[in-house]
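Take a look at the structure set out below.
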Amino acid sequence: MQDFLSEDTKVEIVPAFDCPTLSFISCDYGPFIAGMSVPVPLWLAVELRKQFRCRITPPPWLCESYLTEVLNYEKDPMNETFFTSSEHPSNPDIQLTLPYHYQSIARVLIDVCPGDIERVKSINVILQDIDFLRNSKSVNILKRLSLSMDGTEGEEVQRNFNMRSGWKGMEVQEFKGVTVKMLEGVRGGEGEGRGEGRGGRGAGNDGRKEGRRKFRNERRREEDGMGGDETPTAKPGRKPTGTPTIDEDGLEVAQIEEGEELEEPTRQGAQRLRRFR
Amino acid sequence: MSDLIGEIDSNLFGGLNSFTQPSSSSNNASADFNADDDDSSTSSNQSAADLSGDYESLMQAWKNEVASPSLLPMDEDVVTTIILLLKNQESLTSRLASSVSSPTTALQLNLYRIELDRTKYVLADYLRTRIRKIERNVMWYLRAYPDGYDYQPNPDFDQHDAESPKEIKTMYMSDKELKFARGYEKLYEKHMYTTVLQHLPETVLDDQPGLDFNLRKLDDARQNMIDGPKEGGYVLGRCLRNGVEWQGEGDWEDYKKGNMILAIFGDVKPMVVNGDIELCP
């Protein structure tokens with residue numbers, strides 16, 4: 001769905017044909033004059049490009065220097081939140097942000113017109129790295145969220161959170177389901193389709209464990225669904241105090257420390273992370 | 001400050017607000033191209049033609065409807081205008097199809113068809129989502145909005161002003177949806193009766209007189225079996241403007257434009273209806 005929504009964003013193209021202004025339902029586009037740049041929505045640009053009737057000018061954020069800057073920001077373990085904005089590569093007066101649907105747009109543009117983008121292969125790699133880092137940051141955010149709710153359950157759980165995470169399109173799609181289910185588990189299931197009520201949750205730990213187990217399961221299920229994507233598996237839910245104990249899944253639950261770095265949950269994940277250190 | 005800049009759904013050319021105002025609804029939205037104002041000093045200074053107001057409203061309504069667990073009020077104007085636009089566009093394309101002269105015309109036809117498909121898909125999914133929600137809790141919706149409208153007391157009601165309405169009504173179900181709901185409810189009740197209810201004793205006598213209840217009535221006063229939509233779950237939303245007034249329970253931070261909010265749907269609903277918060281599907 002994010003791909004569909006992203007197709008409304010505007011891209012600059014240079015058409016290779018002449019055509020008067022076209023009136024669409026959403027907007028009028030044109031006139032198309034061969035050789036002159038014109039902004040059109042992404043779906044239009046992709047369609048024209050597939051028929052070799054235009055050349056797509058890559059958007060200013062889809063360049064190696066800008067994306068490397070983003071990557072460096074995300075790599076830095078001091079920066080907990082996501083990259084927000086920085087100067088336009090060619091015009092320092094303008095602030096450039098990574099658009100909301102940047103993953104979808106980048107994927108489409110790289111698929112359809114790799115020749116129009118400079119240094120496509122390295123851009124591809126950088127984008128994958130950025131995705132991976134943002135993913136692990138998101139997992140940490142969610143864990144911190146779940147820990148911050150320790151001690152509360154049911155009605156006491158906070159009713160609204162300011163997600164300072166800066167999630168973009170694909171991350172929203174991925175993490176929204178998990179977050180919502182986790183919160184429902186902690187809160188006691190008044191939400192959609194989980195009308196078991198407070199009685200079913202029992203007292204004390206059960207609700208939280210339920211929530212965390214659901215969180216873990218959701219993460220695992222989503223990983224399977226995503227195929228070869230190397231997202232880190234969530235470590236089993238952590239109790240903030242107490243000695244290491246064996247969780248019900250037979251996994252060791254350790255104490256969380258202040259200022260912990262990004263985790264290395266899987267071997268693949270660890271190898272990738274070692275590249276950055 | 002970082003939230004502000006980071007979350008705004010910017011166009012591809014950075015945070016420049018060079019959009020023109022969205023055009024009002026008309027059969028074919030005029031291009032808001034300020035070709036004269038275009039500085040071609042940098043590529044990011046282009047003022048892109050903004051999408052027509054109706055199309056934007058439809059997309060917004062669709063996103064909200066998909067993401068929310070209960071039925072949201074419907075703006076019938078938007079739907080009827082979009083249907084009209086679709087019809088016009090279809091007749092345009094069929095006329096074009098019958099007189100294809102050059103490759104350019106064939107190209108135009110292709111593009112028109114693609115856009116038509118896209119808009120039809122959004123509209124159809126929007127209406128389908130609404131129908132699905134109605135089907136889930138038919139009996140509740142028909143009792144909450146018996147004529148399709150929800151009536152709320154008008155806070156600005158002035159007794160002495162003849163024109164001020166006593167109640168504000170918002171449309172939750174259009175005429176057609178209402179008709180569908182009524183028909184569906186009849187079928188549902190009949191189904192419930194033939195499968196379960198007719199096998200139950202009709203009246204259950206209670207010790208205290210006057211407290212007998214009718215097992216066969218689903219909405220009996222003593223044991224209302226009708227469930228409403230569950231608005232207690234969390235939803236993810238984005239703030240669309242600064243200084244949103246909080247109208248629900250619990251503490252509320254001062255959310256700025258572009259902030260992402262994870263909140264309980266029941267709390268956030270009035271703001272979604274207002275258009276202050278958009279939900280992320």
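Identifiers in the structure tokens: chain A, B, ... in order shown; residue index from 1 per chain; ligand index from 1 in order shown.
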Check which residues of region 90-173 of chain A sit at most 12 Å from region 10-31 of chain A using only C-alpha atoms, and return one row each with the closest pair of atoms and their distance in Å to one decimal, ordered by chain and rising number, as a tab-separated table.
```
residue	atom	partner	partner_atom	distance
A:Pro99	CA	A:Lys10	CA	11.2
A:His101	CA	A:Lys10	CA	11.7
A:Ile105	CA	A:Val11	CA	9.7
A:Ala106	CA	A:Val11	CA	11.6
A:Val108	CA	A:Val11	CA	11.9
A:Leu109	CA	A:Val11	CA	10.1
A:Cys113	CA	A:Ile13	CA	11.5
A:Asp116	CA	A:Ile13	CA	10.6
```
Selection export as a compact mmCIF listing (two decimals), in the first residue's frame, atoms kept: C-alpha atoms:
```
# COMPACT_ATOMS: atom_id res chain seq x y z
CA PRO A 99 10.77 12.02 1.83
CA HIS A 101 8.08 7.30 0.92
CA ILE A 105 10.37 5.77 -4.60
CA ALA A 106 13.99 4.68 -4.57
CA VAL A 108 10.91 2.01 -8.22
CA LEU A 109 13.40 4.43 -9.72
CA CYS A 113 15.71 3.67 -14.80
CA ASP A 116 19.42 7.75 -15.30
```
Sorted by chain and rising residue number, which residues of chain A lie within 7 Å of chain B, and what are their closest atom pairs and distances in Å to one decimal, counting only C-alpha atoms, as JSON lines?
```
{"residue": "A:Thr9", "atom": "CA", "partner": "B:Asn11", "partner_atom": "CA", "distance": 6.5}
{"residue": "A:Lys10", "atom": "CA", "partner": "B:Leu12", "partner_atom": "CA", "distance": 6.7}
{"residue": "A:Cys19", "atom": "CA", "partner": "B:Thr104", "partner_atom": "CA", "distance": 6.9}
{"residue": "A:Ser23", "atom": "CA", "partner": "B:Asn28", "partner_atom": "CA", "distance": 6.6}
{"residue": "A:Phe24", "atom": "CA", "partner": "B:Tyr112", "partner_atom": "CA", "distance": 6.8}
{"residue": "A:Ile25", "atom": "CA", "partner": "B:Leu85", "partner_atom": "CA", "distance": 6.4}
{"residue": "A:Ser26", "atom": "CA", "partner": "B:Ser52", "partner_atom": "CA", "distance": 5.3}
{"residue": "A:Cys27", "atom": "CA", "partner": "B:Leu51", "partner_atom": "CA", "distance": 5.1}
{"residue": "A:Asp28", "atom": "CA", "partner": "B:Ala31", "partner_atom": "CA", "distance": 5.0}
{"residue": "A:Pro39", "atom": "CA", "partner": "B:Ala48", "partner_atom": "CA", "distance": 6.2}
{"residue": "A:Pro59", "atom": "CA", "partner": "B:Leu12", "partner_atom": "CA", "distance": 6.0}
{"residue": "A:Pro60", "atom": "CA", "partner": "B:Phe13", "partner_atom": "CA", "distance": 6.5}
{"residue": "A:Thr84", "atom": "CA", "partner": "B:Gly6", "partner_atom": "CA", "distance": 4.4}
{"residue": "A:Ser85", "atom": "CA", "partner": "B:Gly6", "partner_atom": "CA", "distance": 6.4}
{"residue": "A:Gln95", "atom": "CA", "partner": "B:Gly15", "partner_atom": "CA", "distance": 6.0}
{"residue": "A:Leu96", "atom": "CA", "partner": "B:Gly14", "partner_atom": "CA", "distance": 4.2}
{"residue": "A:Thr97", "atom": "CA", "partner": "B:Gly14", "partner_atom": "CA", "distance": 5.6}
{"residue": "A:Pro99", "atom": "CA", "partner": "B:Ser10", "partner_atom": "CA", "distance": 5.7}
{"residue": "A:Tyr100", "atom": "CA", "partner": "B:Asp9", "partner_atom": "CA", "distance": 5.5}
{"residue": "A:Arg159", "atom": "CA", "partner": "B:Ala263", "partner_atom": "CA", "distance": 5.7}
{"residue": "A:Asn160", "atom": "CA", "partner": "B:Ala263", "partner_atom": "CA", "distance": 4.0}
{"residue": "A:Phe161", "atom": "CA", "partner": "B:Leu262", "partner_atom": "CA", "distance": 5.0}
{"residue": "A:Asn162", "atom": "CA", "partner": "B:Ile261", "partner_atom": "CA", "distance": 5.0}
{"residue": "A:Met163", "atom": "CA", "partner": "B:Met260", "partner_atom": "CA", "distance": 5.3}
{"residue": "A:Arg164", "atom": "CA", "partner": "B:Asp3", "partner_atom": "CA", "distance": 6.9}
{"residue": "A:Gly166", "atom": "CA", "partner": "B:Glu7", "partner_atom": "CA", "distance": 6.1}
{"residue": "A:Lys176", "atom": "CA", "partner": "B:Leu236", "partner_atom": "CA", "distance": 6.8}
{"residue": "A:Val180", "atom": "CA", "partner": "B:Tyr234", "partner_atom": "CA", "distance": 5.6}
{"residue": "A:Glu184", "atom": "CA", "partner": "B:Gly233", "partner_atom": "CA", "distance": 6.6}
{"residue": "A:Glu190", "atom": "CA", "partner": "B:Gly232", "partner_atom": "CA", "distance": 5.2}
{"residue": "A:Gly191", "atom": "CA", "partner": "B:Gly233", "partner_atom": "CA", "distance": 3.7}
{"residue": "A:Glu192", "atom": "CA", "partner": "B:Lys230", "partner_atom": "CA", "distance": 5.4}
```
Give me a file of those residues, with N, CA, C and O atoms, as a CSV table (one decimal), in the first residue's frame.
```csv
chain,number,residue,atom,x,y,z
A,9,THR,N,3.8,11.1,-5.7
A,9,THR,CA,4.8,12.1,-5.5
A,9,THR,C,5.3,12.6,-6.8
A,9,THR,O,5.4,11.8,-7.8
A,10,LYS,N,5.8,13.8,-6.8
A,10,LYS,CA,6.2,14.4,-8.1
A,10,LYS,C,7.6,14.1,-8.4
A,10,LYS,O,8.5,14.1,-7.6
A,19,CYS,N,3.4,16.9,-26.6
A,19,CYS,CA,2.0,16.7,-26.3
A,19,CYS,C,1.4,17.9,-25.5
A,19,CYS,O,2.1,18.4,-24.7
A,23,SER,N,-5.4,16.7,-19.2
A,23,SER,CA,-6.2,16.9,-17.9
A,23,SER,C,-6.6,15.5,-17.3
A,23,SER,O,-7.4,14.8,-17.9
A,24,PHE,N,-6.1,15.3,-16.1
A,24,PHE,CA,-6.4,14.1,-15.4
A,24,PHE,C,-7.4,14.5,-14.3
A,24,PHE,O,-7.7,15.6,-14.1
A,25,ILE,N,-7.9,13.4,-13.6
A,25,ILE,CA,-8.8,13.7,-12.5
A,25,ILE,C,-8.1,14.4,-11.4
A,25,ILE,O,-8.6,15.3,-10.8
A,26,SER,N,-6.8,14.0,-11.2
A,26,SER,CA,-6.2,14.6,-10.0
A,26,SER,C,-5.6,15.9,-10.4
A,26,SER,O,-5.7,16.8,-9.6
A,27,CYS,N,-5.1,16.1,-11.5
A,27,CYS,CA,-4.5,17.4,-11.9
A,27,CYS,C,-4.2,17.4,-13.4
A,27,CYS,O,-4.2,16.4,-14.0
A,28,ASP,N,-3.9,18.6,-13.9
A,28,ASP,CA,-3.5,18.7,-15.2
A,28,ASP,C,-2.0,18.7,-15.3
A,28,ASP,O,-1.3,19.3,-14.5
A,39,PRO,N,7.3,18.5,-14.3
A,39,PRO,CA,7.0,17.6,-13.1
A,39,PRO,C,5.8,16.8,-13.4
A,39,PRO,O,4.7,17.4,-13.8
A,59,PRO,N,15.6,12.6,-8.2
A,59,PRO,CA,15.3,13.6,-7.2
A,59,PRO,C,16.6,14.0,-6.5
A,59,PRO,O,17.5,13.1,-6.4
A,60,PRO,N,16.7,15.2,-5.9
A,60,PRO,CA,18.0,15.6,-5.3
A,60,PRO,C,18.4,14.8,-4.2
A,60,PRO,O,19.6,14.7,-3.9
A,84,THR,N,17.1,13.6,10.2
A,84,THR,CA,16.0,14.5,9.8
A,84,THR,C,16.3,15.3,8.5
A,84,THR,O,15.7,15.0,7.5
A,85,SER,N,17.1,16.3,8.6
A,85,SER,CA,17.3,17.0,7.3
A,85,SER,C,18.7,17.6,7.3
A,85,SER,O,19.4,17.7,8.4
A,95,GLN,N,17.0,23.3,2.9
A,95,GLN,CA,17.0,22.1,3.7
A,95,GLN,C,16.3,20.9,2.9
A,95,GLN,O,15.3,21.1,2.3
A,96,LEU,N,17.0,19.8,2.9
A,96,LEU,CA,16.5,18.7,2.2
A,96,LEU,C,16.2,17.6,3.2
A,96,LEU,O,17.0,17.2,4.0
A,97,THR,N,15.0,17.0,3.1
A,97,THR,CA,14.7,15.9,3.9
A,97,THR,C,14.4,14.6,3.1
A,97,THR,O,14.1,14.7,1.9
A,99,PRO,N,12.2,12.0,1.9
A,99,PRO,CA,10.8,12.0,1.8
A,99,PRO,C,10.2,10.8,2.5
A,99,PRO,O,10.8,9.8,2.8
A,100,TYR,N,8.9,11.0,2.8
A,100,TYR,CA,8.2,9.9,3.6
A,100,TYR,C,8.3,8.6,3.0
A,100,TYR,O,8.5,7.6,3.6
A,159,ARG,N,-2.0,6.6,27.5
A,159,ARG,CA,-3.0,6.5,26.5
A,159,ARG,C,-2.5,7.1,25.1
A,159,ARG,O,-3.0,6.8,24.1
A,160,ASN,N,-1.5,7.9,25.2
A,160,ASN,CA,-0.9,8.4,24.0
A,160,ASN,C,0.6,8.6,24.1
A,160,ASN,O,1.0,9.0,25.1
A,161,PHE,N,1.3,8.3,23.1
A,161,PHE,CA,2.7,8.4,23.1
A,161,PHE,C,3.1,9.3,21.9
A,161,PHE,O,2.6,9.2,20.8
A,162,ASN,N,4.2,10.0,22.2
A,162,ASN,CA,4.7,10.8,21.1
A,162,ASN,C,5.9,10.0,20.5
A,162,ASN,O,6.9,9.8,21.1
A,163,MET,N,5.6,9.5,19.3
A,163,MET,CA,6.7,8.6,18.7
A,163,MET,C,7.7,9.5,18.1
A,163,MET,O,7.5,10.0,17.0
A,164,ARG,N,8.8,9.7,18.8
A,164,ARG,CA,9.8,10.6,18.2
A,164,ARG,C,10.7,9.8,17.3
A,164,ARG,O,11.9,10.1,17.1
A,166,GLY,N,10.4,9.2,14.0
A,166,GLY,CA,10.6,9.6,12.6
A,166,GLY,C,10.5,8.5,11.6
A,166,GLY,O,11.3,8.4,10.6
A,176,LYS,N,4.0,-0.7,12.8
A,176,LYS,CA,2.7,-0.3,13.4
A,176,LYS,C,2.0,-1.5,14.0
A,176,LYS,O,1.5,-1.5,15.1
A,180,VAL,N,1.1,-1.9,18.0
A,180,VAL,CA,-0.2,-1.9,18.4
A,180,VAL,C,-0.6,-3.2,19.2
A,180,VAL,O,-1.2,-3.1,20.2
A,184,GLU,N,-1.6,-3.5,23.0
A,184,GLU,CA,-2.9,-4.2,23.4
A,184,GLU,C,-2.7,-5.3,24.4
A,184,GLU,O,-3.5,-5.4,25.3
A,190,GLU,N,-8.5,-4.3,25.0
A,190,GLU,CA,-9.8,-3.7,24.7
A,190,GLU,C,-10.0,-3.4,23.2
A,190,GLU,O,-11.0,-2.9,22.8
A,191,GLY,N,-8.9,-3.6,22.5
A,191,GLY,CA,-8.9,-3.2,21.1
A,191,GLY,C,-9.6,-4.1,20.2
A,191,GLY,O,-10.2,-5.1,20.6
A,192,GLU,N,-9.3,-3.9,18.9
A,192,GLU,CA,-10.0,-4.6,17.9
A,192,GLU,C,-9.8,-6.1,18.0
A,192,GLU,O,-8.7,-6.6,18.1
```
Residues of region 21-62 of chain A in alpha helix (DSSP H), written as an mmCIF file with all heavy atoms, in the first residue's frame:
```
data_model
loop_
_atom_site.group_PDB
_atom_site.id
_atom_site.type_symbol
_atom_site.label_atom_id
_atom_site.label_comp_id
_atom_site.auth_asym_id
_atom_site.auth_seq_id
_atom_site.Cartn_x
_atom_site.Cartn_y
_atom_site.Cartn_z
ATOM 1 N N LEU A 42 4.701 10.104 -10.037
ATOM 2 C CA LEU A 42 5.618 8.983 -10.249
ATOM 3 C C LEU A 42 5.036 7.932 -11.174
ATOM 4 O O LEU A 42 5.739 7.375 -12.026
ATOM 5 C CB LEU A 42 5.982 8.358 -8.896
ATOM 6 C CG LEU A 42 7.110 7.326 -8.920
ATOM 7 C CD1 LEU A 42 8.406 7.981 -9.309
ATOM 8 C CD2 LEU A 42 7.247 6.689 -7.541
ATOM 9 N N TRP A 43 3.739 7.663 -11.046
ATOM 10 C CA TRP A 43 3.155 6.607 -11.887
ATOM 11 C C TRP A 43 3.237 6.991 -13.355
ATOM 12 O O TRP A 43 3.503 6.152 -14.229
ATOM 13 C CB TRP A 43 1.716 6.313 -11.466
ATOM 14 C CG TRP A 43 0.763 7.462 -11.504
ATOM 15 C CD1 TRP A 43 0.455 8.299 -10.474
ATOM 16 C CD2 TRP A 43 -0.006 7.921 -12.617
ATOM 17 N NE1 TRP A 43 -0.441 9.240 -10.879
ATOM 18 C CE2 TRP A 43 -0.754 9.026 -12.200
ATOM 19 C CE3 TRP A 43 -0.139 7.485 -13.941
ATOM 20 C CZ2 TRP A 43 -1.611 9.720 -13.030
ATOM 21 C CZ3 TRP A 43 -1.000 8.178 -14.790
ATOM 22 C CH2 TRP A 43 -1.718 9.284 -14.326
ATOM 23 N N LEU A 44 3.061 8.267 -13.618
ATOM 24 C CA LEU A 44 3.146 8.745 -14.989
ATOM 25 C C LEU A 44 4.565 8.629 -15.508
ATOM 26 O O LEU A 44 4.808 8.159 -16.625
ATOM 27 C CB LEU A 44 2.670 10.206 -15.036
ATOM 28 C CG LEU A 44 2.380 10.799 -16.398
ATOM 29 C CD1 LEU A 44 1.207 10.103 -17.022
ATOM 30 C CD2 LEU A 44 2.090 12.274 -16.276
ATOM 31 N N ALA A 45 5.494 9.038 -14.664
ATOM 32 C CA ALA A 45 6.903 9.000 -15.067
ATOM 33 C C ALA A 45 7.336 7.572 -15.378
ATOM 34 O O ALA A 45 8.004 7.312 -16.382
ATOM 35 C CB ALA A 45 7.765 9.588 -13.951
ATOM 36 N N VAL A 46 6.933 6.648 -14.497
ATOM 37 C CA VAL A 46 7.341 5.257 -14.689
ATOM 38 C C VAL A 46 6.744 4.690 -15.964
ATOM 39 O O VAL A 46 7.420 3.995 -16.742
ATOM 40 C CB VAL A 46 6.925 4.419 -13.469
ATOM 41 C CG1 VAL A 46 7.010 2.949 -13.764
ATOM 42 C CG2 VAL A 46 7.783 4.755 -12.270
ATOM 43 N N GLU A 47 5.508 5.016 -16.216
ATOM 44 C CA GLU A 47 4.841 4.511 -17.420
ATOM 45 C C GLU A 47 5.535 5.021 -18.674
ATOM 46 O O GLU A 47 5.797 4.277 -19.617
ATOM 47 C CB GLU A 47 3.379 4.929 -17.397
ATOM 48 C CG GLU A 47 2.541 4.378 -18.529
ATOM 49 C CD GLU A 47 2.526 2.864 -18.574
ATOM 50 O OE1 GLU A 47 2.595 2.246 -17.483
ATOM 51 O OE2 GLU A 47 2.472 2.310 -19.674
ATOM 52 N N LEU A 48 5.843 6.314 -18.666
ATOM 53 C CA LEU A 48 6.516 6.886 -19.829
ATOM 54 C C LEU A 48 7.911 6.300 -20.009
ATOM 55 O O LEU A 48 8.350 6.028 -21.119
ATOM 56 C CB LEU A 48 6.604 8.405 -19.686
ATOM 57 C CG LEU A 48 5.295 9.168 -19.843
ATOM 58 C CD1 LEU A 48 5.527 10.648 -19.585
ATOM 59 C CD2 LEU A 48 4.716 8.980 -21.225
ATOM 60 N N ARG A 49 8.576 6.115 -18.878
ATOM 61 C CA ARG A 49 9.945 5.610 -18.967
ATOM 62 C C ARG A 49 9.968 4.190 -19.515
ATOM 63 O O ARG A 49 10.857 3.821 -20.272
ATOM 64 C CB ARG A 49 10.584 5.660 -17.581
ATOM 65 C CG ARG A 49 12.036 5.282 -17.531
ATOM 66 C CD ARG A 49 12.872 6.237 -18.356
ATOM 67 N NE ARG A 49 14.292 6.001 -18.206
ATOM 68 C CZ ARG A 49 14.995 5.155 -18.944
ATOM 69 N NH1 ARG A 49 14.403 4.446 -19.881
ATOM 70 N NH2 ARG A 49 16.286 5.019 -18.734
ATOM 71 N N LYS A 50 8.954 3.398 -19.126
ATOM 72 C CA LYS A 50 8.918 2.013 -19.603
ATOM 73 C C LYS A 50 8.762 1.967 -21.117
ATOM 74 O O LYS A 50 9.188 1.020 -21.759
ATOM 75 C CB LYS A 50 7.771 1.256 -18.948
ATOM 76 C CG LYS A 50 8.093 0.793 -17.549
ATOM 77 C CD LYS A 50 6.967 -0.045 -16.977
ATOM 78 C CE LYS A 50 7.317 -0.501 -15.589
ATOM 79 N NZ LYS A 50 6.127 -0.942 -14.854
#
```
I'd like to know which of A:Asp150, A:Asp3, A:Glu64, A:Glu171 is closest to Asp131 (chain A), using only C-alpha atoms.
A:Glu171
Could you name the residues that touch Thr203 (chain B) at 6 Å or less, counting only C-alpha atoms, but leaving out those on the same chain fewer than 2 positions away, as a PyMOL selection string?
chain B and resi 201+213-214
Which residues come within 12 Å of region 152-157 of chain B, counting only C-alpha atoms, excluding same-chain residues fewer than 4 positions away, as a compact mmCIF listing (two decimals) with all heavy atoms, in the first residue's frame?
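After the write, selection39.txt holds the following:
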```txt
# COMPACT_ATOMS: atom_id res chain seq x y z
N ALA B 144 -27.37 3.38 16.57
CA ALA B 144 -26.69 4.63 16.90
C ALA B 144 -27.06 5.74 15.92
O ALA B 144 -27.24 6.90 16.31
CB ALA B 144 -25.18 4.42 16.87
N TYR B 145 -27.16 5.39 14.65
CA TYR B 145 -27.50 6.39 13.63
C TYR B 145 -28.72 5.90 12.83
O TYR B 145 -28.58 5.44 11.70
CB TYR B 145 -26.33 6.61 12.66
CG TYR B 145 -24.97 6.67 13.32
CD1 TYR B 145 -23.98 5.77 12.97
CD2 TYR B 145 -24.69 7.64 14.27
CE1 TYR B 145 -22.73 5.82 13.56
CE2 TYR B 145 -23.45 7.69 14.86
CZ TYR B 145 -22.48 6.78 14.51
OH TYR B 145 -21.25 6.84 15.10
N ASP B 161 -31.26 33.22 18.36
CA ASP B 161 -30.95 33.32 16.95
C ASP B 161 -31.71 32.23 16.21
O ASP B 161 -31.56 31.04 16.49
CB ASP B 161 -29.43 33.11 16.77
CG ASP B 161 -29.00 33.39 15.35
OD1 ASP B 161 -29.87 33.67 14.49
OD2 ASP B 161 -27.79 33.32 15.10
N ALA B 162 -32.55 32.66 15.31
CA ALA B 162 -33.42 31.70 14.64
C ALA B 162 -32.64 30.75 13.75
O ALA B 162 -33.08 29.65 13.46
CB ALA B 162 -34.47 32.44 13.82
N GLU B 163 -31.47 31.19 13.32
CA GLU B 163 -30.78 30.37 12.33
C GLU B 163 -29.80 29.39 12.92
O GLU B 163 -29.36 28.47 12.25
CB GLU B 163 -30.01 31.29 11.36
CG GLU B 163 -30.93 31.98 10.40
CD GLU B 163 -30.14 32.81 9.40
OE1 GLU B 163 -28.90 32.76 9.45
OE2 GLU B 163 -30.77 33.51 8.60
N SER B 164 -29.44 29.60 14.17
CA SER B 164 -28.43 28.69 14.70
C SER B 164 -29.06 27.33 14.98
O SER B 164 -30.11 27.24 15.61
CB SER B 164 -27.80 29.26 15.97
OG SER B 164 -28.62 29.00 17.08
N PRO B 165 -28.44 26.30 14.47
CA PRO B 165 -29.04 24.97 14.63
C PRO B 165 -28.85 24.47 16.05
O PRO B 165 -27.84 24.72 16.69
CB PRO B 165 -28.26 24.11 13.64
CG PRO B 165 -26.94 24.78 13.53
CD PRO B 165 -27.16 26.25 13.75
N LYS B 166 -29.84 23.72 16.51
CA LYS B 166 -29.75 23.21 17.87
C LYS B 166 -28.74 22.06 17.94
O LYS B 166 -28.07 21.87 18.93
CB LYS B 166 -31.13 22.71 18.30
CG LYS B 166 -31.19 22.39 19.78
CD LYS B 166 -32.62 22.28 20.23
CE LYS B 166 -32.68 22.10 21.73
NZ LYS B 166 -34.04 21.74 22.17
N GLU B 167 -28.70 21.31 16.86
CA GLU B 167 -27.81 20.17 16.85
C GLU B 167 -26.97 20.19 15.59
O GLU B 167 -27.42 20.63 14.54
CB GLU B 167 -28.61 18.87 16.87
CG GLU B 167 -29.27 18.62 18.21
CD GLU B 167 -30.28 17.51 18.08
OE1 GLU B 167 -30.92 17.41 17.03
OE2 GLU B 167 -30.41 16.75 19.04
N ILE B 168 -25.76 19.67 15.73
CA ILE B 168 -24.92 19.50 14.55
C ILE B 168 -25.08 18.07 14.09
O ILE B 168 -24.94 17.14 14.88
CB ILE B 168 -23.44 19.76 14.88
CG1 ILE B 168 -23.27 21.13 15.47
CG2 ILE B 168 -22.58 19.59 13.66
CD1 ILE B 168 -21.85 21.43 15.85
N LYS B 169 -25.40 17.91 12.82
CA LYS B 169 -25.50 16.53 12.36
C LYS B 169 -24.38 16.20 11.40
O LYS B 169 -24.06 16.96 10.50
CB LYS B 169 -26.88 16.27 11.74
CG LYS B 169 -27.18 16.97 10.46
CD LYS B 169 -28.57 16.49 9.98
CE LYS B 169 -28.84 16.95 8.58
NZ LYS B 169 -30.15 16.52 8.10
N THR B 170 -23.79 15.04 11.63
CA THR B 170 -22.75 14.55 10.74
C THR B 170 -23.23 13.25 10.11
O THR B 170 -23.83 12.42 10.77
CB THR B 170 -21.45 14.25 11.50
OG1 THR B 170 -21.76 13.75 12.78
CG2 THR B 170 -20.57 15.46 11.61
N MET B 171 -22.91 13.11 8.84
CA MET B 171 -23.40 11.93 8.15
C MET B 171 -22.44 10.77 8.33
O MET B 171 -21.26 10.88 7.99
CB MET B 171 -23.55 12.24 6.66
CG MET B 171 -24.03 11.02 5.92
SD MET B 171 -23.82 11.14 4.16
CE MET B 171 -25.27 12.03 3.75
```
Taking 6 positions as the minimum chain separation for residues in the same chain, which residues sit within 10 Å of region 71-75 of chain B when counting only C-alpha atoms? Answer as a ChimeraX atom specification.
/B:57-58,61,64-65,127,129-134,137,141,148-150,170-174,229,269-270,272-273
Separation of CA of Leu147 (chain A) from CA of Arg187 (chain A), in Å and rounded to one decimal:
13.6 Å
Just the strand (DSSP E) stuff from region 102-172 of chain B, please, per backbone DSSP, written as a count of residues only.
10
